[in-house]
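Worksheet for the structure shown next.
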Amino acid sequence: MANLGIPANTIEILQKYKFNFQKKFGQNFLIDTHVLDKIIASAGVGKEDCVLEIGPGIGTMTQYLAENAREVFAVEIDKTLIPILEDTLSEYENVTIINQDILKVDINRIAEEKNHGQPIKVVANLPYYITTPIIMNLFENQVPLESITVMVQKEVADRMQVGPGTKDYGALSLAVQYYAKPEIVANVPPNCFMPRPNVGSAVIRLTKYEIPPVKVIDEKFMFALIRASFNQRRKTLVNGLVNAGNLGIEKEDIISALEKMELPATVRGEALTLEQFAGLSNLLRCI
């Protein structure tokens with residue numbers, strides 16, 4: 001089968017199947033062999049690996065993964081792409097195509113059955129509109145992961161790796177950095193895709209921690225605190241947490257906890273590090 005990383009081959013397949021891009025699925029297919037090589041290398045995909053690909057499209061990156069991995073599971077939501085994938089991946093016996101919404105797939109079961117419960121690698125060119133739910137779903141469901149190497153909107157990649165005090169810092173930054181070490185491995189311009197997106201992209205690798213870098217009594221409570229503190233960025237942390245309404249904590253207790261941490265009552269959520277959110281969460285949980 002022809003290499004779909006070459007634009008002419010992508011066009012040929014699209015014309016053969018009279019494929020129409022679906023805006024609702026955020027479809028932008030990669031057409032750059034250098035970027036594809038970079039993704040595979042950054043993900044460290046080898047012959048022992050079981051890889052989950054999310055949104056294979058017409059199978060461009062799937063071909064590269066199949067050449068390098070032991071086994072590939074490609075989850076595609078768009079049923080009109082299934083006949084195309086069956087064609088473009090027909091030569092590969094190590095690829096399984098799953099026509100489903102990734103947020104409804106039992107990835108833990110796939111890892112258990114196909115990789116004996118050992119950590120899998122996730123590699124994907126993610127649709128921009130659903131990037132955060134997919135990544136958080138993988139982390140929060142305790143999927144056995146070694147790493148997630150994904151193409152995302154440049155702005156989102158930046159958000160995942162920044163620290164306190166920057167405008168991009170927020171709940172996503174803290175969640176990603178609790179579960180994994182983020183590293184942007186490549187910036188990708190719009191002309192590497194078909195159709196061309198309106199924004200720049202980046203490949204980011206999230207290497208999963210075996211043990212999170214901070215100790216938390218109650219993970220869910222800490223993330224509820226984090227979300228509440230960023231929901232109203234302009235407000236102080238105290239007001240953000242009190243206004244959340246669903247946390248069940250008193251204003252006086254929040255101020256007292258901040259005092260113990262030697263932080264002023266006027267501090268904003270965006271100023272706190274992951275360690276400080278963990279500390280605050282543990283203090284408030286013990287009240």
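By convention in this document, the chains of the structure tokens carry letters A, B, ... by their order, each chain's residues are numbered from 1, and ligands are numbered from 1 in the order they are shown.
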
Query - DSSP alpha helix (DSSP H) residues within range 85-276 of chain A, as a ChimeraX atom specification - result: /A:85-88,107-115,131-140,154-161,171-179,219-231,237-244,251-260,274-276

Requested in this report: Enumerate the residues of range 17-259 of chain A with a DSSP assignment of strand (DSSP E or B), computed from the backbone, and present them as a PyMOL selection string.
Outcome: chain A and resi 29-30+50-54+71-75+95-98+120-125+145-153+180-188+193-194+201-208

Query - Distance of CA of Phe25 in chain A from CA of Val45 in chain A, expressed in Å to one decimal place - result: 26.4 Å

**Report entry** 9 Å contact set for range 242-252 of chain A, only C-alpha atoms, chain neighbours under 4 positions out, as a PyMOL selection string
**Finding:** chain A and resi 221+224-225+228-229+231+237-238+256-257+284+287

Would you mind exporting the chosen residues as a PDB file, in the first residue's frame, restricted to C-alpha atoms?
```pdb
ATOM      1  CA  PHE A 221     -11.240  16.655  46.041  1.00  0.00           C
ATOM      2  CA  ALA A 224     -12.487  19.877  42.442  1.00  0.00           C
ATOM      3  CA  LEU A 225     -10.509  22.600  44.286  1.00  0.00           C
ATOM      4  CA  ALA A 228     -13.191  25.859  41.280  1.00  0.00           C
ATOM      5  CA  SER A 229     -10.152  28.105  41.653  1.00  0.00           C
ATOM      6  CA  ASN A 231     -13.506  28.838  37.042  1.00  0.00           C
ATOM      7  CA  LEU A 237      -8.799  31.727  45.475  1.00  0.00           C
ATOM      8  CA  VAL A 238     -10.907  32.102  48.631  1.00  0.00           C
ATOM      9  CA  SER A 256      -6.877  29.450  57.989  1.00  0.00           C
ATOM     10  CA  ALA A 257      -5.389  26.803  55.667  1.00  0.00           C
ATOM     11  CA  LEU A 284      -8.980  21.207  53.964  1.00  0.00           C
ATOM     12  CA  ILE A 287     -11.005  19.684  58.772  1.00  0.00           C
TER      13      ILE A 287
END
```

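Near Asn115 in chain A, within 10 Å and counting only C-alpha atoms, sit Glu48, Asp49, Cys50, Val51, Glu71, Asn108, Arg109, Ile110, Ala111, Glu112, Gln118, Pro119, Ile120 and Pro144 of chain A; same-chain residues fewer than 3 positions away were not included.
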
Restricting it to C-alpha atoms, dump the selection as an mmCIF file, in the first residue's frame.
```cif
data_model
loop_
_atom_site.group_PDB
_atom_site.id
_atom_site.type_symbol
_atom_site.label_atom_id
_atom_site.label_comp_id
_atom_site.auth_asym_id
_atom_site.auth_seq_id
_atom_site.Cartn_x
_atom_site.Cartn_y
_atom_site.Cartn_z
ATOM 1 C CA GLU A 48 7.284 -5.166 21.794
ATOM 2 C CA ASP A 49 4.749 -2.363 22.045
ATOM 3 C CA CYS A 50 0.972 -2.470 22.050
ATOM 4 C CA VAL A 51 -0.218 0.904 20.724
ATOM 5 C CA GLU A 71 0.094 -4.598 17.791
ATOM 6 C CA ASN A 108 -8.430 -1.165 30.365
ATOM 7 C CA ARG A 109 -9.960 -4.332 28.913
ATOM 8 C CA ILE A 110 -7.911 -4.001 25.700
ATOM 9 C CA ALA A 111 -4.718 -3.583 27.747
ATOM 10 C CA GLU A 112 -5.633 -6.589 29.893
ATOM 11 C CA GLN A 118 1.077 -4.083 30.929
ATOM 12 C CA PRO A 119 1.281 -0.357 30.055
ATOM 13 C CA ILE A 120 0.345 0.561 26.491
ATOM 14 C CA PRO A 144 -2.197 1.341 32.220
#
```

Report task. Within 12 Å of Ile11 in chain A, counting only C-alpha atoms, which residues show up once you throw out same-chain ones fewer than 6 positions away? Write them as a ChimeraX atom specification, please. Result -> /A:2-5,17-20,29-31,58,60,193-195

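Counting only C-alpha atoms, the residue from A:Gly44, A:Pro197, A:Gly165, A:Pro213 that sits nearest to Glu146 in chain A is A:Gly44.
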
Report task. Considering only C-alpha atoms, state which residue in the set A:Asn282, A:Asn198, A:Asn94, A:Gln276 is at the smallest distance from Leu52 in chain A. Result -> A:Asn94

Report task. Enter the distance from CA of Ile40 in chain A to CA of Gly170 in chain A, in Å, rounded to one decimal. Result ->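 Atom-to-atom, CA of Ile40 in chain A to CA of Gly170 in chain A, that is 29.0 Å.
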
Query raised in the report: Using only C-alpha atoms, which of A:Gln63, A:Gln161, A:Ser147, A:Thr96 sits nearest Asp37 in chain A?
Result: A:Gln63

Requested in this report: Considering only C-alpha atoms, state which residue in the set A:Asn137, A:Lys220, A:Gly240, A:Met1 is at the smallest distance from Thr266 in chain A.
Outcome: A:Gly240

If we count only C-alpha atoms, what is near Thr132 in chain A at a cut-off of 9 Å, once residues fewer than 4 positions away on the same chain are taken out, given as an mmCIF file with C-alpha atoms, in the first residue's frame?
```cif
data_model
loop_
_atom_site.group_PDB
_atom_site.id
_atom_site.type_symbol
_atom_site.label_atom_id
_atom_site.label_comp_id
_atom_site.auth_asym_id
_atom_site.auth_seq_id
_atom_site.Cartn_x
_atom_site.Cartn_y
_atom_site.Cartn_z
ATOM 1 C CA TYR A 128 -8.832 19.673 18.588
ATOM 2 C CA MET A 136 -8.280 13.352 31.021
ATOM 3 C CA ASN A 137 -10.318 10.209 30.334
ATOM 4 C CA VAL A 156 -3.160 23.387 24.184
ATOM 5 C CA LEU A 172 -5.368 21.255 32.418
#
```
